[in-house]
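Q: Sending over a structure as structure tokens; questions will come in a sec.
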Amino acid sequence: MLSLRWGLVAIATLGLFSGLTLSIMGLIVASRLNGQLTDVQSLAVSFHVIVYVLLALFSMVGLYGTAYERRTAVQVFVSMLIVQLVFGVASGFFVLCTLFQKQSADTVQTCIAQTNAHDSFGRQLCERSSALKGVSVALLVVVCFIEIGGLVIGISYSSRLAASNVEQKPANDVTP
């Protein structure tokens, strides 16, 4: 039970830090590209930020449930992770499709012209967009694996808590 507990602590901590990191990255990109994003792109980034702030909050619930051995909190964490996984994949897909639309052969020049990227951050973003696609997809996949790992460990830990709770009930307890 101890290894499941520490596994869930590790997964919840990873979820907390990755949720905060991805949210902050989204906020930085949105603030640095202020006025250069279309309405749909701004919506995609905002959706992304909200989804990963929720991941951080859900992970705090998981940490609480693990620290105090609260089966209900662990089950809430697992349920929230299922919802988070669905919305995280949808959010990631939406962000990637919206921000990295297929461009013409003059990708960098088209990007600079479309976003009016006259500052160095916007220009570098356009110049490195193909590398950013790979990093973004890799981050999305890693976060999904963390969430799936959290689901597996959370379900196992919740089952163990339920089993140990049944074993710890007093023999003279007549409540059903």
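Convention: chains lettered A, B, ... in structure tokens order; per-chain residue numbering from 1; ligands numbered from 1 as shown.
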Just the residues within 10 Å of Arg160 (chain A), please, counting only C-alpha atoms, with nothing from its chain fewer than 3 positions along; format it as a PDB file with N, CA and C atoms, in the first residue's frame.

A:
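What follows is the written file around-v2.pdb:
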ATOM      1  N   MET A   1       0.836  -1.192   0.000  1.00  0.00           N
ATOM      2  CA  MET A   1       0.000   0.000   0.000  1.00  0.00           C
ATOM      3  C   MET A   1       0.873   1.246   0.000  1.00  0.00           C
ATOM      4  N   LEU A   4       1.913   2.237  -3.576  1.00  0.00           N
ATOM      5  CA  LEU A   4       0.810   2.880  -4.294  1.00  0.00           C
ATOM      6  C   LEU A   4       0.612   4.307  -3.794  1.00  0.00           C
ATOM      7  N   ARG A   5       0.731   4.476  -2.492  1.00  0.00           N
ATOM      8  CA  ARG A   5       0.557   5.808  -1.906  1.00  0.00           C
ATOM      9  C   ARG A   5       1.617   6.771  -2.440  1.00  0.00           C
ATOM     10  N   ARG A  71     -10.354   8.080   1.144  1.00  0.00           N
ATOM     11  CA  ARG A  71     -10.778   7.356  -0.059  1.00  0.00           C
ATOM     12  C   ARG A  71     -11.671   8.227  -0.942  1.00  0.00           C
ATOM     13  N   GLY A 154      -4.447   5.653  -8.929  1.00  0.00           N
ATOM     14  CA  GLY A 154      -5.534   6.148  -8.084  1.00  0.00           C
ATOM     15  C   GLY A 154      -6.615   5.117  -7.860  1.00  0.00           C
ATOM     16  N   ILE A 155      -6.980   4.398  -8.899  1.00  0.00           N
ATOM     17  CA  ILE A 155      -7.994   3.342  -8.765  1.00  0.00           C
ATOM     18  C   ILE A 155      -7.473   2.229  -7.853  1.00  0.00           C
ATOM     19  N   SER A 156      -6.217   1.838  -8.047  1.00  0.00           N
ATOM     20  CA  SER A 156      -5.629   0.781  -7.204  1.00  0.00           C
ATOM     21  C   SER A 156      -5.538   1.231  -5.751  1.00  0.00           C
ATOM     22  N   TYR A 157      -5.106   2.465  -5.537  1.00  0.00           N
ATOM     23  CA  TYR A 157      -4.965   2.975  -4.173  1.00  0.00           C
ATOM     24  C   TYR A 157      -6.334   3.103  -3.499  1.00  0.00           C
ATOM     25  N   ALA A 163     -10.389  -1.683   0.999  1.00  0.00           N
ATOM     26  CA  ALA A 163     -10.136  -2.988   1.616  1.00  0.00           C
ATOM     27  C   ALA A 163      -9.602  -2.826   3.032  1.00  0.00           C
ATOM     28  N   SER A 164      -8.706  -1.887   3.244  1.00  0.00           N
ATOM     29  CA  SER A 164      -8.152  -1.699   4.589  1.00  0.00           C
ATOM     30  C   SER A 164      -9.192  -1.089   5.527  1.00  0.00           C
ATOM     31  N   ASN A 165     -10.107  -0.311   5.001  1.00  0.00           N
ATOM     32  CA  ASN A 165     -11.177   0.271   5.810  1.00  0.00           C
ATOM     33  C   ASN A 165     -12.130  -0.822   6.287  1.00  0.00           C
ATOM     34  N   VAL A 166     -12.420  -1.793   5.436  1.00  0.00           N
ATOM     35  CA  VAL A 166     -13.290  -2.911   5.815  1.00  0.00           C
ATOM     36  C   VAL A 166     -12.604  -3.750   6.879  1.00  0.00           C
TER      37      VAL A 166
END

Q: When you look at Val53 (chain A) with a cut-off of 12 Å (counting only C-alpha atoms), what residues show up, excluding the ones that are within fewer than 2 positions of it in the same chain? I need them as a ChimeraX atom specification.

A: /A:15-27,46-51,55-60,84,88

Q: Just the residues within 12 Å of Tyr64 (chain A), please, counting only C-alpha atoms, with nothing from its chain fewer than 5 positions along; format it as a list of chain:residue names.

A: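 Close residues of Tyr64 (chain A): A:Arg5, A:Leu8, A:Val9, A:Ala12, A:Thr13, A:Leu57, A:Phe58, A:Ser59, A:Glu69, A:Arg70, A:Arg71, A:Thr72, A:Ala73, A:Val74, A:Gln75, A:Val76, A:Phe77.
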
Q: In Å, how far is it from CA of Gly62 (chain A) to CA of Ala10 (chain A)?

A: 10.2 Å

Q: Counting only C-alpha atoms, what is within 10 Å of region 90-95 of chain A, bar same-chain residues fewer than 3 positions away, as a list of chain:residue names?

A: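 So the residues in contact are A:Val40, A:Gln41, A:Ser42, A:Leu43, A:Ala44, A:Val45, A:Ser46, A:Phe47, A:His48, A:Val49, A:Ile50, A:Val51, A:Tyr52, A:Gln84, A:Leu85, A:Val86, A:Phe87, A:Thr98, A:Leu99, A:Phe100, A:Gln101, A:Ser136, A:Val137, A:Leu139, A:Leu140, A:Val141.
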
Q: Output C-alpha atoms of each residue in that selection to a file, as a tab-separated table (two decimals), in the first residue's frame.

A:
chain	number	residue	atom	x	y	z
A	40	VAL	CA	-9.91	31.88	-32.29
A	41	GLN	CA	-6.24	31.57	-31.30
A	42	SER	CA	-6.84	33.60	-28.14
A	43	LEU	CA	-9.80	31.36	-27.31
A	44	ALA	CA	-7.64	28.27	-27.83
A	45	VAL	CA	-4.91	29.56	-25.53
A	46	SER	CA	-7.47	30.61	-22.89
A	47	PHE	CA	-9.11	27.18	-23.02
A	48	HIS	CA	-5.68	25.58	-22.67
A	49	VAL	CA	-4.85	27.70	-19.61
A	50	ILE	CA	-8.16	26.91	-17.91
A	51	VAL	CA	-7.81	23.16	-18.51
A	52	TYR	CA	-4.32	23.03	-17.00
A	84	GLN	CA	-9.30	16.22	-17.26
A	85	LEU	CA	-7.89	13.64	-19.65
A	86	VAL	CA	-10.79	14.08	-22.06
A	87	PHE	CA	-10.68	17.88	-21.89
A	98	THR	CA	-5.49	26.44	-34.19
A	99	LEU	CA	-2.00	27.73	-33.52
A	100	PHE	CA	-0.15	25.54	-35.99
A	101	GLN	CA	-2.31	25.66	-39.09
A	136	SER	CA	3.88	20.86	-27.91
A	137	VAL	CA	2.89	17.39	-29.09
A	139	LEU	CA	4.23	17.80	-23.80
A	140	LEU	CA	0.65	16.82	-24.56
A	141	VAL	CA	1.59	13.14	-24.79
